[in-house]
Amino acid sequence: MKTSTPKKKTVAKKVPVKKTSAKPIIAKKASAKKPLVKKAPTKQVSAKPVVNPFVEDCWMPRYAAMTPELCVAAFEQELPEAQRAFDNVIKRLDISWQGLVLDPMMATRKLFGIWGMLGHMMSVVNSAEWRAVEEAWQPKLIAFVQILSQSKPLYEGLLSLLDMKILTPWQTHVVSRMVEGMKNAGVGLAGAQKKRFNKIQKDLAMLSMKFQNNVLDAEKEAKIEIAPDQAAGIPVDLLKGKGPWTLGIDFATFDSVMRYAEVPAVREKFWLARSTRASAGKLNNAPLIERILTLRQQLATLLGYKDYAHLSTASKMAGTPTAVHTLLEPMATIGRPAAKAEATELEKFAKANGFKGKMQPWDGAYWVEKDSQQRFGYDEEALREYFPLEHVLEGMFGLIKKLFDVTIERVKGDIAAWHKDVRFYHLKDKKGNLFAGMYFDPFARPGTKNGGAWVNEIRIRDFETRQQLPIATVCCNQKSPSGKHPATMSFYEISTLFHEMGHALQALLTTVDSPTCACMENVEWDAVEIASQFFEQFPYDPTILRGLSKHIKTGKALPQTLAEKIAQKRTYRAGTALVRQLLFAQTDLFLHSTAYPGRYKKANDVKQAFSKKLFPKPMHEADRFLNAFTHIFTGAYSAGYYSYKWSETLSADIYGAYCDLPAAKRKAFAKRYQATILGLGGSLPAAEVFRMLMGRDPDAKAILRQQGLLKD
């Protein structure tokens, strides 16, 4: 979702102070200033550009010109410069917003920009050469971040700045979060404890990098051969030419095979290959998991926390693991019996339709698809032809214009992107003024592009230290076009696109001028999914869904009856979906608590125990999904996977309030949503922003009602 760029935690000794006037945080008119927007080159970029693209001061980065060698050169140039600039900030120690917050940020901006671009290239064009750069420079960057975040003069200076009470509320919020961040970065440690803490951070970074690369390599290496007599049911767009065929296990391929392949042995091969990724040989992530968990616990102990779960939740909306359990346990109480009933119904359906034997995990998706088709009268794969990518984008952009008065226009010509499939869009207000940009990278590239879908902030809105408009990139992993057949989308892919676009809207529609809290900066992590999950819900509206559709052969919209069936399907097997998410969240929290290892010797044992507790029957013994669970072992969701459910609870409440309004009043609500959730970024606590929109605290039952698991 967000880029993994190391964040400097600016911070500070009670010394003589200078007063400073606080700047307003909300932009009046971006057009009143000349933004830093430079056009991308219109011709092919030279292999040896005059200016290194990693340090070039331009709005749209020249990704096409970026090479691992130029990245190294940029680091060699900017790391010493950032060190000198930060040292000068400490020498001056100007106790003001400018001196303690903005000056350190500007001193290190170029360096962290390079690191962010490297992280982006690693996620979209991964290679041995890029990995070598990351492996060589990551320890140096971490060491520098530790110098920043553990600077006692800076930390004490920030404490003094808070004591002066001269900051605006939003500045106070930002500085308070910085102080908390520095505490959790080890600023209070000294001697052997500090040395150990810093060593752990470096080790964890290397382990996370290794974990991610193992998953990527394992997926790249996994190939399954399908003979002609085994291909029954598999969508034809996967079977190019004459068989036998060799298929990968990227999610788009895997999902299609699991739902449609008629030969159980074929489904079993695919299930085993994907469920055991990174669990054998040199790519086995199991030892890395145990080492990561051990080091995280040691890190939390050094900081004075009971365990890593307490460390993680301390800076989030939840505040404590107890608050998380208070949210999740009632959901489990409702989800477990619902999931059991759904499993019983599915087995009855399968047996009534010729299935014999014991239901295995590789049978589930196949029979769910059959049951779904009978219940709702449509085939998910066949529906693809109603949803060509281009028309879905057109419909989605039209919805955004209707809700937020924002026009999204594709930029023609060379955009110097990292891949030929990437597009770039301008976002303009109703007066035609440019206020943001967006990259879109739609298709899967197994082995070089990370799986899943995410949003990166390429440029943060900044009208405080410069004049820069925001840019975000939306990355998905849907099926690419095949021959003359255009790229089409499943409903799942549409839902995923809307989810990521919700993130992008928060990054791009911000009205905050300060880069310290514009876009998604400074937003509590368990609130960062609110915008994505809110926007994800719109395709379930039959009218909106029909607007996204245009059959690739007939040009007709999706029939009204089918659109209504898709909306009805939203609550289908909701109990199963709920307990699956609870399994992820509760396993994650347990692994990061003092209860682990305890009586459980391996992380997989914890997963199995929770599956027995939550599922109608425990997960298959061969399943090793934790070995590829990058969310918690390489991403920002460690002891925080619950954030999806936490945010979903709030987003369901917001969307329910929107839908309860008469049509004439929905536009006004959307504008309030735009001004608060999307506009305010991290300038205020997320709970306060929610209350500004809704006029009350969240209704924790809204999500269960939305999923059909709780009746009023």
# chains A, B, ... in the order shown; residues from 1 in each chain; ligands from 1
>>> closest_atom_pairs(of="segment 431-472 of chain A", to="segment 56-65 of chain A", cutoff="10 Å", atoms="only C-alpha atoms", output="Markdown table")
| residue | atom | partner | partner_atom | distance |
| --- | --- | --- | --- | --- |
| A:Gly437 | CA | A:Met60 | CA | 8.7 |
| A:Met438 | CA | A:Met60 | CA | 9.8 |
| A:Tyr439 | CA | A:Met60 | CA | 9.8 |
| A:Ile458 | CA | A:Pro61 | CA | 8.6 |
| A:Arg459 | CA | A:Trp59 | CA | 7.6 |
| A:Gln468 | CA | A:Trp59 | CA | 7.4 |
| A:Leu469 | CA | A:Trp59 | CA | 7.9 |
| A:Pro470 | CA | A:Trp59 | CA | 8.7 |
| A:Ile471 | CA | A:Met60 | CA | 8.1 |
>>> write_last_selection(atoms="N, CA, C and O atoms", output="short mmCIF file (atom, residue, chain, number, x, y, z; two decimals), in the first residue's frame")
data_model
loop_
_atom_site.label_atom_id
_atom_site.label_comp_id
_atom_site.auth_asym_id
_atom_site.auth_seq_id
_atom_site.Cartn_x
_atom_site.Cartn_y
_atom_site.Cartn_z
N GLY A 437 -1.50 14.13 -9.80
CA GLY A 437 -1.20 13.19 -10.87
C GLY A 437 -1.26 11.77 -10.35
O GLY A 437 -1.09 11.52 -9.15
N MET A 438 -1.47 10.81 -11.25
CA MET A 438 -1.60 9.42 -10.83
C MET A 438 -1.08 8.46 -11.89
O MET A 438 -1.45 8.54 -13.06
N TYR A 439 -0.18 7.56 -11.49
CA TYR A 439 0.24 6.45 -12.33
C TYR A 439 -0.71 5.28 -12.10
O TYR A 439 -1.24 5.10 -11.01
N ILE A 458 4.02 8.86 -4.51
CA ILE A 458 5.23 9.23 -5.25
C ILE A 458 5.66 10.65 -4.90
O ILE A 458 6.84 10.93 -4.70
N ARG A 459 4.72 11.55 -4.82
CA ARG A 459 4.96 12.93 -4.39
C ARG A 459 3.90 13.30 -3.36
O ARG A 459 2.70 13.11 -3.58
N GLN A 468 4.53 21.91 -4.57
CA GLN A 468 4.49 20.59 -5.19
C GLN A 468 3.11 19.96 -5.06
O GLN A 468 2.55 19.88 -3.97
N LEU A 469 2.59 19.49 -6.17
CA LEU A 469 1.32 18.76 -6.19
C LEU A 469 1.58 17.27 -5.94
O LEU A 469 2.64 16.76 -6.24
N PRO A 470 0.59 16.56 -5.40
CA PRO A 470 0.80 15.14 -5.08
C PRO A 470 0.71 14.24 -6.31
O PRO A 470 0.03 14.55 -7.29
N ILE A 471 1.42 13.11 -6.24
CA ILE A 471 1.31 12.03 -7.22
C ILE A 471 1.24 10.71 -6.45
O ILE A 471 1.97 10.51 -5.48
#
>>> residues_around(residues="segment 623-629 of chain A", least_positions_apart="6", cutoff="8 Å", atoms="only C-alpha atoms", output="ChimeraX atom specification")
/A:211-212,215,272,275-279,284-286,289,603-604
>>> residues_around(residues="Phe538 of chain A", least_positions_apart="5", cutoff="10 Å", atoms="only C-alpha atoms", output="list in words")
Met396, Leu399, Ser495, Phe498, His499, Gln533, Thr543, Ile544, Leu545 and Tyr655 of chain A
>>> residues_around(residues="segment 442-455 of chain A", least_positions_apart="3", cutoff="7 Å", atoms="only C-alpha atoms", output="PyMOL selection string")
chain A and resi 1-2+123-127+216-217+219-220+250+472-480+500+503-504
>>> select_by_dssp(residues="segment 327-435 of chain A", states="helix (DSSP H, G or I)", output="ChimeraX atom specification")
/A:327-352,361-376,380-386,389-404
>>> residues_around(residues="Asp379 of chain A", least_positions_apart="6", cutoff="9 Å", atoms="only C-alpha atoms", output="ChimeraX atom specification")
/A:369-370,372-373
>>> closest_residue(among="A:Gly640, A:Gly119, A:Gly248, A:Gly99", to="Thr313 of chain A", atoms="only C-alpha atoms")
A:Gly640
>>> select_by_dssp(residues="segment 258-422 of chain A", states="strand (DSSP E or B)", output="list in words")
Pro388, Thr407, Ile408, Glu409 and Arg410 of chain A
>>> residues_around(residues="Met258 of chain A", least_positions_apart="4", cutoff="8 Å", atoms="only C-alpha atoms", output="list in words")
Phe254, Arg267, Phe270, Trp271, Trp362, Asp363, Ala365 and Tyr366 of chain A
>>> write_last_selection(atoms="N, CA and C atoms", output="PDB file, in the first residue's frame")
ATOM      1  N   PHE A 254      -4.177 -18.687 -10.473  1.00  0.00           N
ATOM      2  CA  PHE A 254      -4.567 -19.617  -9.408  1.00  0.00           C
ATOM      3  C   PHE A 254      -6.066 -19.556  -9.144  1.00  0.00           C
ATOM      4  N   ARG A 267      -6.524 -29.166  -9.511  1.00  0.00           N
ATOM      5  CA  ARG A 267      -6.742 -28.176  -8.453  1.00  0.00           C
ATOM      6  C   ARG A 267      -5.819 -28.442  -7.276  1.00  0.00           C
ATOM      7  N   PHE A 270      -2.280 -27.084  -7.950  1.00  0.00           N
ATOM      8  CA  PHE A 270      -2.214 -25.628  -7.825  1.00  0.00           C
ATOM      9  C   PHE A 270      -2.338 -25.192  -6.372  1.00  0.00           C
ATOM     10  N   TRP A 271      -3.245 -25.824  -5.640  1.00  0.00           N
ATOM     11  CA  TRP A 271      -3.427 -25.453  -4.234  1.00  0.00           C
ATOM     12  C   TRP A 271      -2.151 -25.704  -3.438  1.00  0.00           C
ATOM     13  N   TRP A 362      -8.790 -27.792  -1.828  1.00  0.00           N
ATOM     14  CA  TRP A 362      -8.760 -27.503  -3.266  1.00  0.00           C
ATOM     15  C   TRP A 362     -10.112 -27.774  -3.939  1.00  0.00           C
ATOM     16  N   ASP A 363     -11.069 -28.300  -3.172  1.00  0.00           N
ATOM     17  CA  ASP A 363     -12.420 -28.495  -3.699  1.00  0.00           C
ATOM     18  C   ASP A 363     -13.324 -27.304  -3.399  1.00  0.00           C
ATOM     19  N   ALA A 365     -13.278 -23.836  -3.537  1.00  0.00           N
ATOM     20  CA  ALA A 365     -13.568 -22.768  -4.492  1.00  0.00           C
ATOM     21  C   ALA A 365     -14.361 -23.289  -5.689  1.00  0.00           C
ATOM     22  N   TYR A 366     -14.058 -24.508  -6.118  1.00  0.00           N
ATOM     23  CA  TYR A 366     -14.758 -25.096  -7.265  1.00  0.00           C
ATOM     24  C   TYR A 366     -16.247 -25.254  -6.962  1.00  0.00           C
TER      25      TYR A 366
END
